[in-house]
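The next block is final-v1.cif, given as mmCIF, C-alpha atoms and all ligand atoms.
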data_entry
#
loop_
_atom_site.group_PDB
_atom_site.id
_atom_site.type_symbol
_atom_site.label_atom_id
_atom_site.label_comp_id
_atom_site.auth_asym_id
_atom_site.auth_seq_id
_atom_site.Cartn_x
_atom_site.Cartn_y
_atom_site.Cartn_z
ATOM 1 C CA MET A 48 36.108 22.721 -68.464
ATOM 2 C CA THR A 49 35.802 25.866 -70.540
ATOM 3 C CA ALA A 50 37.916 26.793 -73.529
ATOM 4 C CA SER A 51 39.311 29.797 -71.692
ATOM 5 C CA THR A 52 40.421 27.597 -68.788
ATOM 6 C CA LEU A 53 42.334 25.414 -71.209
ATOM 7 C CA ARG A 54 43.957 28.364 -72.908
ATOM 8 C CA LEU A 55 44.968 29.995 -69.612
ATOM 9 C CA ASN A 56 46.593 26.853 -68.364
ATOM 10 C CA ARG A 57 48.319 25.599 -71.454
ATOM 11 C CA LEU A 58 51.595 27.445 -71.050
ATOM 12 C CA PRO A 59 52.580 26.317 -67.561
ATOM 13 C CA VAL A 60 51.585 22.738 -68.358
ATOM 14 C CA VAL A 61 53.719 22.720 -71.495
ATOM 15 C CA PHE A 62 56.536 24.183 -69.444
ATOM 16 C CA CYS A 63 56.143 21.423 -66.898
ATOM 17 C CA LEU A 64 56.125 18.706 -69.520
ATOM 18 C CA LYS A 65 59.393 20.081 -70.858
ATOM 19 C CA LEU A 66 60.800 20.072 -67.349
ATOM 20 C CA LEU A 67 59.712 16.486 -66.905
ATOM 21 C CA THR A 68 61.263 15.462 -70.203
ATOM 22 C CA LEU A 69 64.546 17.154 -69.431
ATOM 23 C CA PHE A 70 64.910 16.248 -65.808
ATOM 24 C CA VAL A 71 62.755 13.214 -65.274
ATOM 25 C CA ALA A 72 65.612 11.308 -63.681
ATOM 26 C CA GLY A 73 66.750 14.097 -61.389
ATOM 27 C CA VAL A 74 63.675 16.093 -60.403
ATOM 28 C CA GLY A 75 60.780 14.509 -58.551
ATOM 29 C CA CYS A 76 57.089 15.398 -58.514
ATOM 30 C CA GLN A 77 57.694 17.888 -55.766
ATOM 31 C CA ALA A 78 59.935 20.217 -57.759
ATOM 32 C CA VAL A 79 57.700 20.043 -60.828
ATOM 33 C CA ALA A 80 54.496 20.725 -58.889
ATOM 34 C CA GLU A 81 56.045 23.641 -57.031
ATOM 35 C CA GLU A 82 57.488 25.101 -60.212
ATOM 36 C CA MET A 83 54.064 24.912 -61.832
ATOM 37 C CA THR A 84 52.492 27.004 -59.056
ATOM 38 C CA ALA A 85 55.448 29.298 -58.375
ATOM 39 C CA HIS A 86 54.142 32.010 -60.682
ATOM 40 C CA GLY A 87 50.605 32.106 -59.294
ATOM 41 C CA SER A 88 48.842 35.446 -59.163
ATOM 42 C CA HIS A 89 47.382 36.883 -55.946
ATOM 43 C CA VAL A 90 43.604 36.882 -56.419
ATOM 44 C CA HIS A 91 41.220 37.071 -53.480
ATOM 45 C CA GLY A 92 38.760 34.170 -53.673
ATOM 46 C CA GLU A 93 41.022 32.059 -55.886
ATOM 47 C CA ALA A 94 43.627 29.394 -55.357
ATOM 48 C CA GLU A 95 45.910 27.661 -57.809
ATOM 49 C CA LEU A 96 46.591 24.002 -57.401
ATOM 50 C CA THR A 97 48.927 21.618 -59.144
ATOM 51 C CA PHE A 98 48.806 17.868 -58.772
ATOM 52 C CA VAL A 99 51.570 15.695 -60.171
ATOM 53 C CA LEU A 100 51.490 11.908 -60.009
ATOM 54 C CA ASP A 101 54.490 9.963 -61.206
ATOM 55 C CA GLY A 102 54.527 6.265 -60.372
ATOM 56 C CA ASN A 103 53.789 5.903 -56.662
ATOM 57 C CA GLU A 104 54.713 9.448 -55.755
ATOM 58 C CA ALA A 105 52.422 12.444 -55.894
ATOM 59 C CA GLU A 106 52.611 16.073 -54.902
ATOM 60 C CA LEU A 107 49.892 18.655 -54.363
ATOM 61 C CA ALA A 108 51.007 22.272 -54.460
ATOM 62 C CA LEU A 109 48.440 24.893 -53.458
ATOM 63 C CA VAL A 110 49.002 28.631 -53.515
ATOM 64 C CA THR A 111 46.320 31.087 -52.495
ATOM 65 C CA ALA A 112 45.818 34.559 -51.112
ATOM 66 C CA ALA A 113 46.143 33.974 -47.357
ATOM 67 C CA GLY A 114 42.888 35.855 -46.738
ATOM 68 C CA ASN A 115 40.959 33.065 -48.470
ATOM 69 C CA ILE A 116 42.039 30.667 -45.731
ATOM 70 C CA LEU A 117 42.478 32.962 -42.704
ATOM 71 C CA GLY A 118 40.066 35.815 -43.344
ATOM 72 C CA PHE A 119 42.929 38.323 -42.999
ATOM 73 C CA GLU A 120 46.363 38.897 -44.550
ATOM 74 C CA HIS A 121 48.186 41.065 -42.006
ATOM 75 C CA SER A 122 50.460 39.382 -39.436
ATOM 76 C CA ALA A 123 48.334 37.698 -36.786
ATOM 77 C CA THR A 124 48.431 39.960 -33.715
ATOM 78 C CA THR A 125 45.443 39.264 -31.454
ATOM 79 C CA PRO A 126 45.140 35.912 -29.628
ATOM 80 C CA GLU A 127 42.063 35.154 -31.769
ATOM 81 C CA GLU A 128 43.980 35.738 -34.997
ATOM 82 C CA GLN A 129 46.919 33.686 -33.778
ATOM 83 C CA GLN A 130 44.635 30.809 -32.796
ATOM 84 C CA LEU A 131 42.773 30.943 -36.106
ATOM 85 C CA GLN A 132 46.047 30.979 -38.029
ATOM 86 C CA LYS A 133 47.364 27.999 -36.033
ATOM 87 C CA THR A 134 44.157 26.029 -36.612
ATOM 88 C CA GLN A 135 44.105 26.717 -40.351
ATOM 89 C CA LEU A 136 47.806 25.949 -40.881
ATOM 90 C CA GLU A 137 47.361 22.658 -39.020
ATOM 91 C CA MET A 138 44.328 21.885 -41.182
ATOM 92 C CA LEU A 139 46.450 22.403 -44.322
ATOM 93 C CA GLN A 140 49.367 20.363 -42.927
ATOM 94 C CA SER A 141 47.059 17.476 -42.018
ATOM 95 C CA GLY A 142 45.840 17.068 -45.596
ATOM 96 C CA ARG A 143 42.208 17.106 -44.376
ATOM 97 C CA TRP A 144 41.381 19.586 -47.152
ATOM 98 C CA PHE A 145 41.356 16.943 -49.876
ATOM 99 C CA THR A 146 40.450 13.281 -50.199
ATOM 100 C CA ALA A 147 42.078 10.714 -52.437
ATOM 101 C CA GLU A 148 40.148 7.504 -53.192
ATOM 102 C CA ALA A 149 40.655 4.937 -50.443
ATOM 103 C CA ALA A 150 41.400 2.251 -53.070
ATOM 104 C CA ALA A 151 44.524 4.143 -54.145
ATOM 105 C CA ASN A 152 45.871 3.716 -50.606
ATOM 106 C CA CYS A 153 47.689 7.048 -50.423
ATOM 107 C CA THR A 154 49.434 8.306 -47.313
ATOM 108 C CA ILE A 155 51.050 11.646 -46.603
ATOM 109 C CA ALA A 156 54.830 11.353 -46.887
ATOM 110 C CA GLY A 157 55.686 14.985 -46.225
ATOM 111 C CA GLN A 158 54.292 18.503 -46.077
ATOM 112 C CA ASP A 159 55.383 22.096 -46.128
ATOM 113 C CA VAL A 160 52.944 24.920 -45.317
ATOM 114 C CA ARG A 161 53.996 28.541 -45.094
ATOM 115 C CA ILE A 162 52.762 32.124 -45.329
ATOM 116 C CA GLU A 163 54.695 34.775 -47.212
ATOM 117 C CA GLN A 164 53.856 38.456 -46.616
ATOM 118 C CA ASP A 165 54.462 40.986 -49.355
ATOM 119 C CA ASP A 166 55.268 44.665 -48.873
ATOM 120 C CA HIS A 167 51.732 45.873 -49.628
ATOM 121 C CA GLY A 168 49.689 44.262 -46.868
ATOM 122 C CA HIS A 169 48.908 41.089 -48.807
ATOM 123 C CA ALA A 170 50.101 37.582 -48.071
ATOM 124 C CA ASP A 171 50.161 34.276 -49.942
ATOM 125 C CA LEU A 172 49.770 30.894 -48.405
ATOM 126 C CA TYR A 173 51.641 27.890 -49.804
ATOM 127 C CA ALA A 174 50.718 24.310 -48.966
ATOM 128 C CA ASN A 175 52.701 21.446 -50.446
ATOM 129 C CA ILE A 176 51.785 17.868 -49.626
ATOM 130 C CA GLN A 177 53.677 14.784 -50.771
ATOM 131 C CA LEU A 178 51.795 11.520 -51.087
ATOM 132 C CA LEU A 179 52.867 7.944 -51.471
ATOM 133 C CA CYS A 180 50.199 5.795 -53.159
ATOM 134 C CA GLN A 181 50.295 1.987 -53.062
ATOM 135 C CA ALA A 182 47.741 1.634 -55.896
ATOM 136 C CA PRO A 183 48.201 4.839 -57.916
ATOM 137 C CA LEU A 184 46.310 3.494 -60.957
ATOM 138 C CA LYS A 185 43.139 3.491 -58.827
ATOM 139 C CA LEU A 186 43.422 7.209 -58.209
ATOM 140 C CA GLN A 187 40.687 8.602 -60.468
ATOM 141 C CA ASN A 188 39.648 11.726 -58.581
ATOM 142 C CA LEU A 189 40.726 14.101 -55.888
ATOM 143 C CA GLN A 190 37.899 15.600 -53.854
ATOM 144 C CA PHE A 191 38.444 19.027 -52.312
ATOM 145 C CA GLY A 192 36.729 19.748 -49.002
ATOM 146 C CA LEU A 193 38.785 22.924 -48.793
ATOM 147 C CA PHE A 194 35.809 25.049 -49.840
ATOM 148 C CA GLU A 195 34.045 24.181 -46.563
ATOM 149 C CA LEU A 196 37.194 24.771 -44.493
ATOM 150 C CA ALA A 197 38.212 28.060 -46.137
ATOM 151 C CA PRO A 198 35.221 30.412 -46.202
ATOM 152 C CA GLY A 199 36.867 32.989 -48.479
ATOM 153 C CA LEU A 200 37.677 30.503 -51.232
ATOM 154 C CA THR A 201 35.378 30.299 -54.248
ATOM 155 C CA THR A 202 37.567 28.898 -57.051
ATOM 156 C CA ILE A 203 40.511 26.540 -57.340
ATOM 157 C CA LYS A 204 42.229 26.606 -60.709
ATOM 158 C CA ALA A 205 43.656 23.116 -60.850
ATOM 159 C CA GLN A 206 46.213 21.639 -63.190
ATOM 160 C CA TYR A 207 47.388 18.072 -63.129
ATOM 161 C CA LEU A 208 50.020 15.873 -64.647
ATOM 162 C CA VAL A 209 49.249 12.191 -64.160
ATOM 163 C CA ASP A 210 51.801 9.762 -65.557
ATOM 164 C CA GLY A 211 52.716 12.314 -68.211
ATOM 165 C CA VAL A 212 49.142 13.270 -69.194
ATOM 166 C CA ALA A 213 48.247 16.887 -68.429
ATOM 167 C CA GLY A 214 44.879 18.504 -67.847
ATOM 168 C CA ALA A 215 43.185 21.422 -66.150
ATOM 169 C CA GLN A 216 39.888 22.042 -64.391
ATOM 170 C CA ALA A 217 38.277 24.894 -62.479
ATOM 171 C CA LEU A 218 36.843 23.706 -59.157
ATOM 172 C CA SER A 219 34.196 25.274 -56.930
ATOM 173 C CA ALA A 220 32.110 24.300 -53.904
ATOM 174 C CA THR A 221 29.604 22.629 -56.225
ATOM 175 C CA THR A 222 32.196 21.012 -58.539
ATOM 176 C CA SER A 223 34.867 20.036 -56.076
ATOM 177 C CA ALA A 224 36.177 16.793 -57.611
ATOM 178 C CA LEU A 225 39.249 16.962 -59.808
ATOM 179 C CA LYS A 226 38.997 14.251 -62.462
ATOM 180 C CA LEU A 227 42.459 12.831 -63.083
ATOM 181 C CA ARG A 228 41.812 10.147 -65.667
ATOM 182 C CA ASN A 229 39.362 9.727 -68.555
HETATM 183 ZN ZN ZN B 301 45.524 40.068 -50.670
#
Represent the structure of the file as structure tokens.
Amino acid sequence: MTASTLRLNRLPVVFCLKLLTLFVAGVGCQAVAEEMTAHGSHVHGEAELTFVLDGNEAELALVTAAGNILGFEHSATTPEEQQLQKTQLEMLQSGRWFTAEAAANCTIAGQDVRIEQDDHGHADLYANIQLLCQAPLKLQNLQFGLFELAPGLTTIKAQYLVDGVAGAQALSATTSALKLRN
């Protein structure tokens, strides 16, 4: 992790911690993780990811330029584009794009994947996955196979909040494991 990565990510993490402190009883991981990624910038080649683990519940929230996943950002028009879009959205919904340690015994409890077009020919893709983990203390890493499944993606800027401890890491095809605990 570089110093600049830390500096870039400090503000949203602090914001999230405040949210957690204020609303810990009323707002689950899902709302916090989505809030943390809601202000992501549209950068081709990059994705922003937030992982929040609180007790047994976890949420991954990914936002990325749609072109990184689909190869295009306009509305899918040809049969080939429509098929590719369907395949890639199903891949995101399935959770196949990341791996949690088997020992943590996590299962997908819910998902929400959507594309939002803007007015300038660009589109963002949002993928939110909720997990339920039977042994959350054994969750040390999250491995991201997304780089192999999304040819346009080179960097994931990841932030995490694990039982109240925050951190950040930049991931790439060669460094694709997010370390969640020291
Ligand atoms: Zn774009």
- Could the residues that lie within 10 Å of ligand ZN 301 (chain B), counting only C-alpha atoms and all ligand atoms, be listed as a ChimeraX atom specification? /A:89-92,111-115,119-121,164-165,167-171
Using all atoms listed in the file, what does the table of range 176-225 of chain A residues within 8 Å of range 144-150 of chain A look like, with each row giving the shortest atom pair and its distance in Å to one decimal, sorted by chain and ascending number, as a tab-separated table?
residue	atom	partner	partner_atom	distance
A:Ala182	CA	A:Ala150	CA	7.0
A:Lys185	CA	A:Ala150	CA	6.1
A:Leu186	CA	A:Glu148	CA	6.0
A:Gln187	CA	A:Glu148	CA	7.4
A:Asn188	CA	A:Ala147	CA	6.7
A:Leu189	CA	A:Ala147	CA	5.0
A:Gln190	CA	A:Thr146	CA	5.0
A:Phe191	CA	A:Phe145	CA	4.3
A:Gly192	CA	A:Trp144	CA	5.0
A:Leu193	CA	A:Trp144	CA	4.5
A:Leu196	CA	A:Trp144	CA	7.2
- Contacts of Gln177 in chain A at 6 Å (all atoms listed in the file; same-chain gap of 6+ positions) as a VMD selection string: chain A and resid 105 to 106 155 to 157
- With a distance cut-off of 12 Å and all atoms listed in the file, select the neighbouring residues of Ile116 in chain A, excluding the residue or stretch itself and same-chain residues fewer than 4 positions from it, and output the selection as a VMD selection string. chain A and resid 91 to 94 109 to 112 120 131 to 139 144 162 170 to 174 193 to 201
- Query: Hey, which of A:Ser141, A:Ala205, A:Asp101, A:Cys153 ends up closest to Ala224 in chain A? Count only C-alpha atoms.
  - Reply: A:Ala205
- Quote the spacing between CA of Thr222 in chain A and CA of Asn103 in chain A in Å to one decimal place. 26.4 Å
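For the pair CA of Ile203 in chain A and CA of Asn175 in chain A, the interatomic distance is 14.9 Å.
Each of A:Ser88, A:Gln130, A:Ser122, A:Gln206 was checked against Glu163 in chain A using only C-alpha atoms; the smallest atom-to-atom distance is that of A:Ser122.
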- Using all atoms listed in the file, which of the listed residues (A:Asp210, A:Thr124, A:Thr202, A:Asp159) sits closest to Leu100 in chain A? A:Asp210
What are the centre and the three edge lengths of an axis-aligned box that wraps all atoms of range 150-153 of chain A in the file, given that 6 Å is added to every side, written as JSON and rounded to one decimal in Å?
{"center_x": 44.5, "center_y": 4.6, "center_z": -52.3, "size_x": 18.3, "size_y": 16.8, "size_z": 15.7}
- Determine the nearest neighbour of Ala215 in chain A from the options A:Gln140, A:Leu227, A:Thr154, A:Gly102, counting only C-alpha atoms.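 Result for the nearest residue to Ala215 in chain A: A:Leu227.
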- Message: Applying the PyMOL selection byres (((chain A and resi 211) around 9) and not hetatm) to the file I just gave you, which residues come out? Please list them as a VMD selection string.
- Response: chain A and resid 64 67 99 to 101 208 to 210 212 to 213
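Distances to Pro183 in chain A were evaluated for A:Asn152, A:Leu96, A:Asn229, A:Ser219 using only C-alpha atoms, and the minimum falls at A:Asn152.
As for CA of Gly214 in chain A and CA of Gln158 in chain A, they are spaced 23.7 Å apart.
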- Restricting the calculation to only C-alpha atoms, which member of A:Gln181, A:Glu127, A:Leu218, A:Ile176 is positioned closest to Leu107 in chain A?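 For Leu107 in chain A, the nearest of the candidates is A:Ile176.
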